[in-house]
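Colleague: If it helps, the file is called my_file.pdb and holds PDB, N, CA, C and O atoms:
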ATOM      1  N   MET A   1      17.520 -13.773   0.154
ATOM      2  CA  MET A   1      16.766 -14.103   1.357
ATOM      3  C   MET A   1      15.965 -15.371   1.117
ATOM      4  O   MET A   1      15.626 -15.700  -0.006
ATOM      5  N   ASN A   2      15.627 -16.002   2.217
ATOM      6  CA  ASN A   2      14.760 -17.163   2.114
ATOM      7  C   ASN A   2      13.472 -16.896   2.897
ATOM      8  O   ASN A   2      13.409 -15.944   3.679
ATOM      9  N   PRO A   3      12.440 -17.702   2.682
ATOM     10  CA  PRO A   3      11.168 -17.462   3.361
ATOM     11  C   PRO A   3      11.277 -17.398   4.886
ATOM     12  O   PRO A   3      10.596 -16.592   5.525
ATOM     13  N   GLU A   4      12.142 -18.215   5.470
ATOM     14  CA  GLU A   4      12.287 -18.215   6.930
ATOM     15  C   GLU A   4      12.799 -16.862   7.436
ATOM     16  O   GLU A   4      12.381 -16.404   8.502
ATOM     17  N   ASP A   5      13.702 -16.235   6.674
ATOM     18  CA  ASP A   5      14.197 -14.905   7.053
ATOM     19  C   ASP A   5      13.072 -13.879   7.057
ATOM     20  O   ASP A   5      12.976 -13.044   7.957
ATOM     21  N   VAL A   6      12.226 -13.949   6.045
ATOM     22  CA  VAL A   6      11.108 -13.005   5.941
ATOM     23  C   VAL A   6      10.106 -13.253   7.057
ATOM     24  O   VAL A   6       9.611 -12.305   7.674
ATOM     25  N   ILE A   7       9.833 -14.511   7.361
ATOM     26  CA  ILE A   7       8.927 -14.835   8.468
ATOM     27  C   ILE A   7       9.440 -14.223   9.763
ATOM     28  O   ILE A   7       8.678 -13.610  10.518
ATOM     29  N   THR A   8      10.721 -14.362  10.029
ATOM     30  CA  THR A   8      11.314 -13.807  11.250
ATOM     31  C   THR A   8      11.118 -12.304  11.322
ATOM     32  O   THR A   8      10.748 -11.761  12.374
ATOM     33  N   LEU A   9      11.343 -11.618  10.217
ATOM     34  CA  LEU A   9      11.179 -10.161  10.184
ATOM     35  C   LEU A   9       9.736  -9.751  10.437
ATOM     36  O   LEU A   9       9.466  -8.851  11.247
ATOM     37  N   VAL A  10       8.812 -10.410   9.763
ATOM     38  CA  VAL A  10       7.403 -10.040   9.904
ATOM     39  C   VAL A  10       6.890 -10.382  11.296
ATOM     40  O   VAL A  10       6.211  -9.568  11.938
ATOM     41  N   GLU A  11       7.235 -11.551  11.798
ATOM     42  CA  GLU A  11       6.773 -11.944  13.135
ATOM     43  C   GLU A  11       7.276 -10.977  14.210
ATOM     44  O   GLU A  11       6.584 -10.749  15.202
ATOM     45  N   ALA A  12       8.454 -10.418  14.010
ATOM     46  CA  ALA A  12       8.992  -9.469  14.993
ATOM     47  C   ALA A  12       8.135  -8.212  15.098
ATOM     48  O   ALA A  12       8.145  -7.536  16.126
ATOM     49  N   GLY A  13       7.371  -7.913  14.047
ATOM     50  CA  GLY A  13       6.543  -6.714  14.051
ATOM     51  C   GLY A  13       5.118  -6.928  14.505
ATOM     52  O   GLY A  13       4.352  -5.971  14.629
ATOM     53  N   PHE A  14       4.750  -8.165  14.770
ATOM     54  CA  PHE A  14       3.372  -8.482  15.155
ATOM     55  C   PHE A  14       3.374  -9.443  16.327
ATOM     56  O   PHE A  14       4.053 -10.467  16.295
ATOM     57  N   GLU A  15       2.580  -9.132  17.327
ATOM     58  CA  GLU A  15       2.437 -10.018  18.472
ATOM     59  C   GLU A  15       1.421 -11.103  18.137
ATOM     60  O   GLU A  15       0.325 -10.812  17.659
ATOM     61  N   SER A  16       1.788 -12.329  18.326
ATOM     62  CA  SER A  16       0.903 -13.484  18.133
ATOM     63  C   SER A  16       0.323 -13.567  16.722
ATOM     64  O   SER A  16      -0.859 -13.869  16.559
ATOM     65  N   ALA A  17       1.119 -13.305  15.716
ATOM     66  CA  ALA A  17       0.651 -13.402  14.333
ATOM     67  C   ALA A  17       0.977 -14.773  13.755
ATOM     68  O   ALA A  17       1.941 -15.415  14.152
ATOM     69  N   ASP A  18       0.163 -15.189  12.816
ATOM     70  CA  ASP A  18       0.423 -16.390  12.033
ATOM     71  C   ASP A  18       0.945 -15.897  10.682
ATOM     72  O   ASP A  18       0.224 -15.232   9.944
ATOM     73  N   VAL A  19       2.193 -16.189  10.388
ATOM     74  CA  VAL A  19       2.841 -15.681   9.178
ATOM     75  C   VAL A  19       3.269 -16.851   8.305
ATOM     76  O   VAL A  19       3.886 -17.802   8.784
ATOM     77  N   ALA A  20       2.949 -16.764   7.023
ATOM     78  CA  ALA A  20       3.399 -17.751   6.048
ATOM     79  C   ALA A  20       4.024 -16.996   4.882
ATOM     80  O   ALA A  20       3.518 -15.940   4.472
ATOM     81  N   VAL A  21       5.132 -17.509   4.380
ATOM     82  CA  VAL A  21       5.846 -16.854   3.284
ATOM     83  C   VAL A  21       6.231 -17.897   2.243
ATOM     84  O   VAL A  21       6.729 -18.964   2.584
ATOM     85  N   GLU A  22       6.005 -17.550   0.991
ATOM     86  CA  GLU A  22       6.449 -18.370  -0.131
ATOM     87  C   GLU A  22       7.319 -17.502  -1.024
ATOM     88  O   GLU A  22       7.205 -16.286  -1.025
ATOM     89  N   GLY A  23       8.159 -18.138  -1.786
ATOM     90  CA  GLY A  23       9.016 -17.411  -2.716
ATOM     91  C   GLY A  23      10.466 -17.587  -2.347
ATOM     92  O   GLY A  23      10.848 -18.477  -1.603
ATOM     93  N   GLY A  24      11.288 -16.714  -2.877
ATOM     94  CA  GLY A  24      12.712 -16.777  -2.612
ATOM     95  C   GLY A  24      13.442 -15.697  -3.373
ATOM     96  O   GLY A  24      12.850 -14.967  -4.159
ATOM     97  N   GLY A  25      14.727 -15.607  -3.108
ATOM     98  CA  GLY A  25      15.529 -14.572  -3.763
ATOM     99  C   GLY A  25      15.086 -13.204  -3.301
ATOM    100  O   GLY A  25      15.245 -12.859  -2.140
ATOM    101  N   ASP A  26      14.473 -12.454  -4.201
ATOM    102  CA  ASP A  26      14.012 -11.116  -3.839
ATOM    103  C   ASP A  26      12.512 -10.939  -4.060
ATOM    104  O   ASP A  26      12.002  -9.824  -4.051
ATOM    105  N   ARG A  27      11.757 -12.047  -4.223
ATOM    106  CA  ARG A  27      10.316 -11.982  -4.480
ATOM    107  C   ARG A  27       9.574 -12.945  -3.550
ATOM    108  O   ARG A  27       9.902 -14.133  -3.502
ATOM    109  N   PHE A  28       8.578 -12.393  -2.842
ATOM    110  CA  PHE A  28       7.884 -13.185  -1.841
ATOM    111  C   PHE A  28       6.387 -12.904  -1.828
ATOM    112  O   PHE A  28       5.955 -11.800  -2.154
ATOM    113  N   GLN A  29       5.637 -13.920  -1.415
ATOM    114  CA  GLN A  29       4.220 -13.783  -1.118
ATOM    115  C   GLN A  29       4.105 -13.961   0.393
ATOM    116  O   GLN A  29       4.563 -14.983   0.924
ATOM    117  N   ILE A  30       3.508 -12.986   1.040
ATOM    118  CA  ILE A  30       3.432 -12.977   2.505
ATOM    119  C   ILE A  30       1.963 -12.982   2.922
ATOM    120  O   ILE A  30       1.183 -12.143   2.480
ATOM    121  N   ARG A  31       1.607 -13.941   3.797
ATOM    122  CA  ARG A  31       0.272 -13.977   4.368
ATOM    123  C   ARG A  31       0.401 -13.793   5.873
ATOM    124  O   ARG A  31       1.171 -14.502   6.528
ATOM    125  N   VAL A  32      -0.340 -12.820   6.402
ATOM    126  CA  VAL A  32      -0.285 -12.545   7.832
ATOM    127  C   VAL A  32      -1.701 -12.564   8.399
ATOM    128  O   VAL A  32      -2.600 -11.896   7.873
ATOM    129  N   VAL A  33      -1.872 -13.321   9.470
ATOM    130  CA  VAL A  33      -3.136 -13.359  10.197
ATOM    131  C   VAL A  33      -2.860 -12.758  11.568
ATOM    132  O   VAL A  33      -2.028 -13.279  12.322
ATOM    133  N   SER A  34      -3.532 -11.642  11.866
ATOM    134  CA  SER A  34      -3.276 -10.967  13.133
ATOM    135  C   SER A  34      -4.501 -10.186  13.589
ATOM    136  O   SER A  34      -5.186  -9.547  12.784
ATOM    137  N   GLU A  35      -4.717 -10.214  14.877
ATOM    138  CA  GLU A  35      -5.788  -9.409  15.475
ATOM    139  C   GLU A  35      -5.490  -7.918  15.314
ATOM    140  O   GLU A  35      -6.399  -7.086  15.338
ATOM    141  N   ALA A  36      -4.221  -7.572  15.092
ATOM    142  CA  ALA A  36      -3.834  -6.169  14.919
ATOM    143  C   ALA A  36      -4.505  -5.518  13.711
ATOM    144  O   ALA A  36      -4.579  -4.297  13.628
ATOM    145  N   PHE A  37      -5.030  -6.326  12.780
ATOM    146  CA  PHE A  37      -5.667  -5.791  11.582
ATOM    147  C   PHE A  37      -7.136  -5.438  11.778
ATOM    148  O   PHE A  37      -7.763  -4.873  10.882
ATOM    149  N   SER A  38      -7.685  -5.769  12.920
ATOM    150  CA  SER A  38      -9.109  -5.528  13.165
ATOM    151  C   SER A  38      -9.453  -4.055  12.980
ATOM    152  O   SER A  38      -8.802  -3.173  13.546
ATOM    153  N   GLY A  39     -10.459  -3.807  12.165
ATOM    154  CA  GLY A  39     -10.947  -2.451  11.944
ATOM    155  C   GLY A  39     -10.118  -1.606  11.004
ATOM    156  O   GLY A  39     -10.421  -0.436  10.804
ATOM    157  N   LEU A  40      -9.071  -2.177  10.418
ATOM    158  CA  LEU A  40      -8.198  -1.404   9.541
ATOM    159  C   LEU A  40      -8.511  -1.671   8.074
ATOM    160  O   LEU A  40      -8.872  -2.777   7.691
ATOM    161  N   LEU A  41      -8.327  -0.634   7.257
ATOM    162  CA  LEU A  41      -8.487  -0.771   5.814
ATOM    163  C   LEU A  41      -7.320  -1.569   5.241
ATOM    164  O   LEU A  41      -6.221  -1.589   5.823
ATOM    165  N   PRO A  42      -7.515  -2.217   4.094
ATOM    166  CA  PRO A  42      -6.441  -3.018   3.500
ATOM    167  C   PRO A  42      -5.127  -2.265   3.305
ATOM    168  O   PRO A  42      -4.061  -2.830   3.543
ATOM    169  N   VAL A  43      -5.181  -1.022   2.909
ATOM    170  CA  VAL A  43      -3.930  -0.276   2.677
ATOM    171  C   VAL A  43      -3.151  -0.096   3.982
ATOM    172  O   VAL A  43      -1.925  -0.206   4.004
ATOM    173  N   LYS A  44      -3.832   0.143   5.082
ATOM    174  CA  LYS A  44      -3.162   0.293   6.376
ATOM    175  C   LYS A  44      -2.548  -1.027   6.815
ATOM    176  O   LYS A  44      -1.429  -1.069   7.341
ATOM    177  N   ARG A  45      -3.247  -2.121   6.569
ATOM    178  CA  ARG A  45      -2.719  -3.441   6.897
ATOM    179  C   ARG A  45      -1.424  -3.698   6.133
ATOM    180  O   ARG A  45      -0.435  -4.165   6.699
ATOM    181  N   GLN A  46      -1.442  -3.402   4.829
ATOM    182  CA  GLN A  46      -0.243  -3.616   4.014
ATOM    183  C   GLN A  46       0.908  -2.729   4.490
ATOM    184  O   GLN A  46       2.048  -3.168   4.529
ATOM    185  N   GLN A  47       0.596  -1.501   4.869
ATOM    186  CA  GLN A  47       1.638  -0.611   5.381
ATOM    187  C   GLN A  47       2.282  -1.185   6.633
ATOM    188  O   GLN A  47       3.501  -1.070   6.817
ATOM    189  N   MET A  48       1.486  -1.806   7.471
ATOM    190  CA  MET A  48       2.020  -2.406   8.698
ATOM    191  C   MET A  48       2.989  -3.540   8.365
ATOM    192  O   MET A  48       4.033  -3.674   8.996
ATOM    193  N   VAL A  49       2.633  -4.353   7.372
ATOM    194  CA  VAL A  49       3.516  -5.457   6.988
ATOM    195  C   VAL A  49       4.767  -4.910   6.302
ATOM    196  O   VAL A  49       5.885  -5.325   6.602
ATOM    197  N   TYR A  50       4.589  -3.949   5.393
ATOM    198  CA  TYR A  50       5.746  -3.342   4.729
ATOM    199  C   TYR A  50       6.741  -2.774   5.738
ATOM    200  O   TYR A  50       7.954  -2.857   5.537
ATOM    201  N   ALA A  51       6.229  -2.203   6.824
ATOM    202  CA  ALA A  51       7.111  -1.607   7.837
ATOM    203  C   ALA A  51       8.072  -2.632   8.422
ATOM    204  O   ALA A  51       9.196  -2.288   8.803
ATOM    205  N   THR A  52       7.672  -3.898   8.467
ATOM    206  CA  THR A  52       8.537  -4.931   9.047
ATOM    207  C   THR A  52       9.667  -5.341   8.110
ATOM    208  O   THR A  52      10.653  -5.928   8.556
ATOM    209  N   ILE A  53       9.514  -5.045   6.814
ATOM    210  CA  ILE A  53      10.536  -5.423   5.825
ATOM    211  C   ILE A  53      11.076  -4.200   5.083
ATOM    212  O   ILE A  53      11.728  -4.332   4.045
ATOM    213  N   ASP A  54      10.829  -3.021   5.622
ATOM    214  CA  ASP A  54      11.200  -1.772   4.962
ATOM    215  C   ASP A  54      12.701  -1.686   4.655
ATOM    216  O   ASP A  54      13.094  -1.279   3.563
ATOM    217  N   GLU A  55      13.520  -2.080   5.596
ATOM    218  CA  GLU A  55      14.971  -2.016   5.393
ATOM    219  C   GLU A  55      15.401  -2.895   4.216
ATOM    220  O   GLU A  55      16.233  -2.508   3.403
ATOM    221  N   GLN A  56      14.797  -4.076   4.125
ATOM    222  CA  GLN A  56      15.143  -5.005   3.046
ATOM    223  C   GLN A  56      14.640  -4.491   1.690
ATOM    224  O   GLN A  56      15.282  -4.708   0.664
ATOM    225  N   ILE A  57      13.514  -3.812   1.685
ATOM    226  CA  ILE A  57      13.003  -3.223   0.448
ATOM    227  C   ILE A  57      13.903  -2.075   0.008
ATOM    228  O   ILE A  57      14.276  -1.977  -1.165
ATOM    229  N   LYS A  58      14.269  -1.217   0.942
ATOM    230  CA  LYS A  58      15.136  -0.075   0.621
ATOM    231  C   LYS A  58      16.501  -0.515   0.106
ATOM    232  O   LYS A  58      17.079   0.131  -0.764
ATOM    233  N   SER A  59      17.002  -1.627   0.632
ATOM    234  CA  SER A  59      18.315  -2.117   0.196
ATOM    235  C   SER A  59      18.208  -3.020  -1.038
ATOM    236  O   SER A  59      19.217  -3.523  -1.518
ATOM    237  N   ASN A  60      16.971  -3.220  -1.513
ATOM    238  CA  ASN A  60      16.682  -4.058  -2.676
ATOM    239  C   ASN A  60      16.986  -5.536  -2.433
ATOM    240  O   ASN A  60      17.101  -6.312  -3.373
ATOM    241  N   THR A  61      17.108  -5.918  -1.161
ATOM    242  CA  THR A  61      17.224  -7.334  -0.818
ATOM    243  C   THR A  61      15.907  -8.032  -1.139
ATOM    244  O   THR A  61      15.883  -9.170  -1.572
ATOM    245  N   ILE A  62      14.812  -7.310  -0.894
ATOM    246  CA  ILE A  62      13.480  -7.741  -1.315
ATOM    247  C   ILE A  62      13.018  -6.757  -2.374
ATOM    248  O   ILE A  62      12.983  -5.548  -2.137
ATOM    249  N   HIS A  63      12.685  -7.289  -3.534
ATOM    250  CA  HIS A  63      12.298  -6.429  -4.645
ATOM    251  C   HIS A  63      10.785  -6.374  -4.840
ATOM    252  O   HIS A  63      10.230  -5.323  -5.129
ATOM    253  N   ALA A  64      10.124  -7.501  -4.703
ATOM    254  CA  ALA A  64       8.686  -7.561  -4.957
ATOM    255  C   ALA A  64       8.006  -8.423  -3.900
ATOM    256  O   ALA A  64       8.514  -9.474  -3.535
ATOM    257  N   VAL A  65       6.873  -7.937  -3.418
ATOM    258  CA  VAL A  65       6.091  -8.708  -2.445
ATOM    259  C   VAL A  65       4.613  -8.635  -2.793
ATOM    260  O   VAL A  65       4.137  -7.644  -3.336
ATOM    261  N   GLN A  66       3.943  -9.709  -2.481
ATOM    262  CA  GLN A  66       2.488  -9.741  -2.514
ATOM    263  C   GLN A  66       2.075  -9.990  -1.071
ATOM    264  O   GLN A  66       2.550 -10.957  -0.451
ATOM    265  N   ILE A  67       1.227  -9.125  -0.537
ATOM    266  CA  ILE A  67       0.832  -9.233   0.865
ATOM    267  C   ILE A  67      -0.662  -9.503   0.952
ATOM    268  O   ILE A  67      -1.467  -8.799   0.335
ATOM    269  N   ILE A  68      -1.004 -10.525   1.715
ATOM    270  CA  ILE A  68      -2.400 -10.849   1.991
ATOM    271  C   ILE A  68      -2.556 -10.839   3.506
ATOM    272  O   ILE A  68      -1.784 -11.478   4.218
ATOM    273  N   THR A  69      -3.559 -10.101   3.981
ATOM    274  CA  THR A  69      -3.752  -9.983   5.425
ATOM    275  C   THR A  69      -5.168 -10.410   5.820
ATOM    276  O   THR A  69      -6.113 -10.226   5.058
ATOM    277  N   PHE A  70      -5.255 -10.967   7.012
ATOM    278  CA  PHE A  70      -6.525 -11.401   7.571
ATOM    279  C   PHE A  70      -6.531 -11.137   9.070
ATOM    280  O   PHE A  70      -5.488 -11.239   9.720
ATOM    281  N   THR A  71      -7.707 -10.876   9.614
ATOM    282  CA  THR A  71      -7.891 -11.011  11.051
ATOM    283  C   THR A  71      -8.113 -12.505  11.290
ATOM    284  O   THR A  71      -8.416 -13.246  10.345
ATOM    285  N   PRO A  72      -8.016 -12.970  12.523
ATOM    286  CA  PRO A  72      -8.292 -14.396  12.771
ATOM    287  C   PRO A  72      -9.690 -14.816  12.303
ATOM    288  O   PRO A  72      -9.850 -15.899  11.732
ATOM    289  N   ALA A  73     -10.697 -13.972  12.504
ATOM    290  CA  ALA A  73     -12.056 -14.310  12.076
ATOM    291  C   ALA A  73     -12.146 -14.380  10.553
ATOM    292  O   ALA A  73     -12.803 -15.275   9.999
ATOM    293  N   GLU A  74     -11.490 -13.463   9.857
ATOM    294  CA  GLU A  74     -11.485 -13.478   8.393
ATOM    295  C   GLU A  74     -10.766 -14.722   7.870
ATOM    296  O   GLU A  74     -11.196 -15.329   6.888
ATOM    297  N   TRP A  75      -9.680 -15.091   8.524
ATOM    298  CA  TRP A  75      -8.919 -16.270   8.108
ATOM    299  C   TRP A  75      -9.746 -17.540   8.292
ATOM    300  O   TRP A  75      -9.771 -18.410   7.428
ATOM    301  N   GLU A  76     -10.436 -17.638   9.415
ATOM    302  CA  GLU A  76     -11.284 -18.803   9.658
ATOM    303  C   GLU A  76     -12.380 -18.894   8.595
ATOM    304  O   GLU A  76     -12.651 -19.969   8.055
ATOM    305  N   LYS A  77     -12.985 -17.776   8.280
ATOM    306  CA  LYS A  77     -14.036 -17.743   7.256
ATOM    307  C   LYS A  77     -13.448 -18.153   5.891
ATOM    308  O   LYS A  77     -14.072 -18.938   5.161
ATOM    309  N   ALA A  78     -12.293 -17.634   5.539
ATOM    310  CA  ALA A  78     -11.646 -17.974   4.262
ATOM    311  C   ALA A  78     -11.343 -19.465   4.188
ATOM    312  O   ALA A  78     -11.556 -20.098   3.148
ATOM    313  N   GLN A  79     -10.868 -20.038   5.276
ATOM    314  CA  GLN A  79     -10.569 -21.461   5.294
ATOM    315  C   GLN A  79     -11.842 -22.293   5.155
ATOM    316  O   GLN A  79     -11.851 -23.293   4.445
ATOM    317  N   ASN A  80     -12.899 -21.869   5.834
ATOM    318  CA  ASN A  80     -14.160 -22.598   5.751
ATOM    319  C   ASN A  80     -14.764 -22.552   4.355
ATOM    320  O   ASN A  80     -15.473 -23.461   3.950
ATOM    321  N   GLN A  81     -14.459 -21.480   3.620
ATOM    322  CA  GLN A  81     -14.973 -21.326   2.261
ATOM    323  C   GLN A  81     -13.999 -21.880   1.221
ATOM    324  O   GLN A  81     -14.245 -21.782   0.022
ATOM    325  N   GLY A  82     -12.886 -22.424   1.690
ATOM    326  CA  GLY A  82     -11.906 -22.994   0.774
ATOM    327  C   GLY A  82     -11.110 -21.959   0.003
ATOM    328  O   GLY A  82     -10.561 -22.237  -1.045
ATOM    329  N   LEU A  83     -11.023 -20.735   0.539
ATOM    330  CA  LEU A  83     -10.321 -19.651  -0.143
ATOM    331  C   LEU A  83      -8.883 -19.483   0.305
ATOM    332  O   LEU A  83      -8.161 -18.674  -0.242
ATOM    333  N   SER A  84      -8.478 -20.225   1.309
ATOM    334  CA  SER A  84      -7.129 -20.047   1.845
ATOM    335  C   SER A  84      -6.111 -20.840   1.059
ATOM    336  O   SER A  84      -6.407 -21.735   0.331
TER     337      SER A  84
END
Have the structure of the file written as structure tokens, please.

Modeller:
Amino acid sequence: MNPEDVITLVEAGFESADVAVEGGGDRFQIRVVSEAFSGLLPVKRQQMVYATIDEQIKSNTIHAVQIITFTPAEWEKAQNQGLS
């Protein structure tokens, strides 16, 4: 898989999300910024992202992922602090 394929999968699971993916082959780093994460614990956020790539994980097309999630407000704060 390539990053663009992963972006397509993740974006399909989130309305109006900002998705960035790095990596290749079967290992990816995924960053998702979505209002859908508001009020949710980190584990629930990760579960939501995993759900969009579950088929690829089960088939071992994707073997390892690192997921970072933000609400839009959290992302803006991270960027302002130089953490993004």

Colleague: Which residues match the PyMOL selection byres ((chain A and resi 52-65) around 6) in the file above, as a ChimeraX atom specification?

Modeller: /A:1,9-10,13,25-30,47-51,66-67

Colleague: Now that the selection is made, can you save its residues with N, CA, C and O atoms as a JSON list (two decimals), keeping the file's coordinate frame?

Modeller:
[["chain", "number", "residue", "atom", "x", "y", "z"],
["A", 1, "MET", "N", 17.52, -13.77, 0.15],
["A", 1, "MET", "CA", 16.77, -14.10, 1.36],
["A", 1, "MET", "C", 15.96, -15.37, 1.12],
["A", 1, "MET", "O", 15.63, -15.70, -0.01],
["A", 9, "LEU", "N", 11.34, -11.62, 10.22],
["A", 9, "LEU", "CA", 11.18, -10.16, 10.18],
["A", 9, "LEU", "C", 9.74, -9.75, 10.44],
["A", 9, "LEU", "O", 9.47, -8.85, 11.25],
["A", 10, "VAL", "N", 8.81, -10.41, 9.76],
["A", 10, "VAL", "CA", 7.40, -10.04, 9.90],
["A", 10, "VAL", "C", 6.89, -10.38, 11.30],
["A", 10, "VAL", "O", 6.21, -9.57, 11.94],
["A", 13, "GLY", "N", 7.37, -7.91, 14.05],
["A", 13, "GLY", "CA", 6.54, -6.71, 14.05],
["A", 13, "GLY", "C", 5.12, -6.93, 14.50],
["A", 13, "GLY", "O", 4.35, -5.97, 14.63],
["A", 25, "GLY", "N", 14.73, -15.61, -3.11],
["A", 25, "GLY", "CA", 15.53, -14.57, -3.76],
["A", 25, "GLY", "C", 15.09, -13.20, -3.30],
["A", 25, "GLY", "O", 15.24, -12.86, -2.14],
["A", 26, "ASP", "N", 14.47, -12.45, -4.20],
["A", 26, "ASP", "CA", 14.01, -11.12, -3.84],
["A", 26, "ASP", "C", 12.51, -10.94, -4.06],
["A", 26, "ASP", "O", 12.00, -9.82, -4.05],
["A", 27, "ARG", "N", 11.76, -12.05, -4.22],
["A", 27, "ARG", "CA", 10.32, -11.98, -4.48],
["A", 27, "ARG", "C", 9.57, -12.94, -3.55],
["A", 27, "ARG", "O", 9.90, -14.13, -3.50],
["A", 28, "PHE", "N", 8.58, -12.39, -2.84],
["A", 28, "PHE", "CA", 7.88, -13.18, -1.84],
["A", 28, "PHE", "C", 6.39, -12.90, -1.83],
["A", 28, "PHE", "O", 5.96, -11.80, -2.15],
["A", 29, "GLN", "N", 5.64, -13.92, -1.42],
["A", 29, "GLN", "CA", 4.22, -13.78, -1.12],
["A", 29, "GLN", "C", 4.11, -13.96, 0.39],
["A", 29, "GLN", "O", 4.56, -14.98, 0.92],
["A", 30, "ILE", "N", 3.51, -12.99, 1.04],
["A", 30, "ILE", "CA", 3.43, -12.98, 2.50],
["A", 30, "ILE", "C", 1.96, -12.98, 2.92],
["A", 30, "ILE", "O", 1.18, -12.14, 2.48],
["A", 47, "GLN", "N", 0.60, -1.50, 4.87],
["A", 47, "GLN", "CA", 1.64, -0.61, 5.38],
["A", 47, "GLN", "C", 2.28, -1.18, 6.63],
["A", 47, "GLN", "O", 3.50, -1.07, 6.82],
["A", 48, "MET", "N", 1.49, -1.81, 7.47],
["A", 48, "MET", "CA", 2.02, -2.41, 8.70],
["A", 48, "MET", "C", 2.99, -3.54, 8.36],
["A", 48, "MET", "O", 4.03, -3.67, 9.00],
["A", 49, "VAL", "N", 2.63, -4.35, 7.37],
["A", 49, "VAL", "CA", 3.52, -5.46, 6.99],
["A", 49, "VAL", "C", 4.77, -4.91, 6.30],
["A", 49, "VAL", "O", 5.88, -5.32, 6.60],
["A", 50, "TYR", "N", 4.59, -3.95, 5.39],
["A", 50, "TYR", "CA", 5.75, -3.34, 4.73],
["A", 50, "TYR", "C", 6.74, -2.77, 5.74],
["A", 50, "TYR", "O", 7.95, -2.86, 5.54],
["A", 51, "ALA", "N", 6.23, -2.20, 6.82],
["A", 51, "ALA", "CA", 7.11, -1.61, 7.84],
["A", 51, "ALA", "C", 8.07, -2.63, 8.42],
["A", 51, "ALA", "O", 9.20, -2.29, 8.80],
["A", 66, "GLN", "N", 3.94, -9.71, -2.48],
["A", 66, "GLN", "CA", 2.49, -9.74, -2.51],
["A", 66, "GLN", "C", 2.08, -9.99, -1.07],
["A", 66, "GLN", "O", 2.55, -10.96, -0.45],
["A", 67, "ILE", "N", 1.23, -9.12, -0.54],
["A", 67, "ILE", "CA", 0.83, -9.23, 0.86],
["A", 67, "ILE", "C", -0.66, -9.50, 0.95],
["A", 67, "ILE", "O", -1.47, -8.80, 0.34]]

Colleague: Mind pulling up the distance from atom C of Lys77 (chain A) to atom N of Leu40 (chain A)?

Modeller: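 Taking atom N of Leu40 (chain A) as the start and atom C of Lys77 (chain A) as the end point, the length is 17.2 Å.
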
Colleague: Of the candidates A:Ala12, A:Ala73, A:Ile68, A:Val6, which shows the shortest atom-to-atom distance to Val32 (chain A), using only N, CA, C and O atoms?

Modeller: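 Among the listed residues, the smallest separation from Val32 (chain A) belongs to A:Ile68.
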
Colleague: Pull out every residue that the PyMOL selection byres (((chain A and resi 3 and name CA) around 8) and name CA) matches in the shown coordinates and put them as JSON, numbers by chain.

Modeller: {"A": [1, 2, 4, 5, 6, 7, 21, 22, 23, 24, 28]}

Colleague: Just how far from CA of Phe37 (chain A) is CA of Ser16 (chain A), in Å to one decimal?

Modeller: 12.1 Å

Colleague: For atom O of Arg45 (chain A) and atom O of Asn80 (chain A), quote the distance in Å rounded to one decimal.

Modeller: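 Atom O of Asn80 (chain A) lies 24.6 Å from atom O of Arg45 (chain A).
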
Colleague: Let me make sure I understand: among A:Val33, A:Phe14, A:Thr8, A:Leu41, which one has the smallest atom-to-atom distance to Ala78 (chain A) if we use only C-alpha atoms?

Modeller: A:Val33

Colleague: So, counting only N, CA, C and O atoms, which residue among A:Arg31, A:Ser38, A:Asp18, A:Glu11 is closest to Thr71 (chain A)?

Modeller: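 Selected residue with least distance to Thr71 (chain A): A:Ser38.
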
Colleague: What residues in chain A get the DSSP label helix (DSSP H, G or I)? Please answer as a VMD selection string.

Modeller: chain A and resid 3 to 12 35 to 37 42 to 52 54 to 58 72 to 80

Colleague: Assign secondary structure with DSSP using the backbone only, and return the residues of chain A in strand (DSSP E) as a ChimeraX atom specification.

Modeller: /A:18-24,27-33,64-70
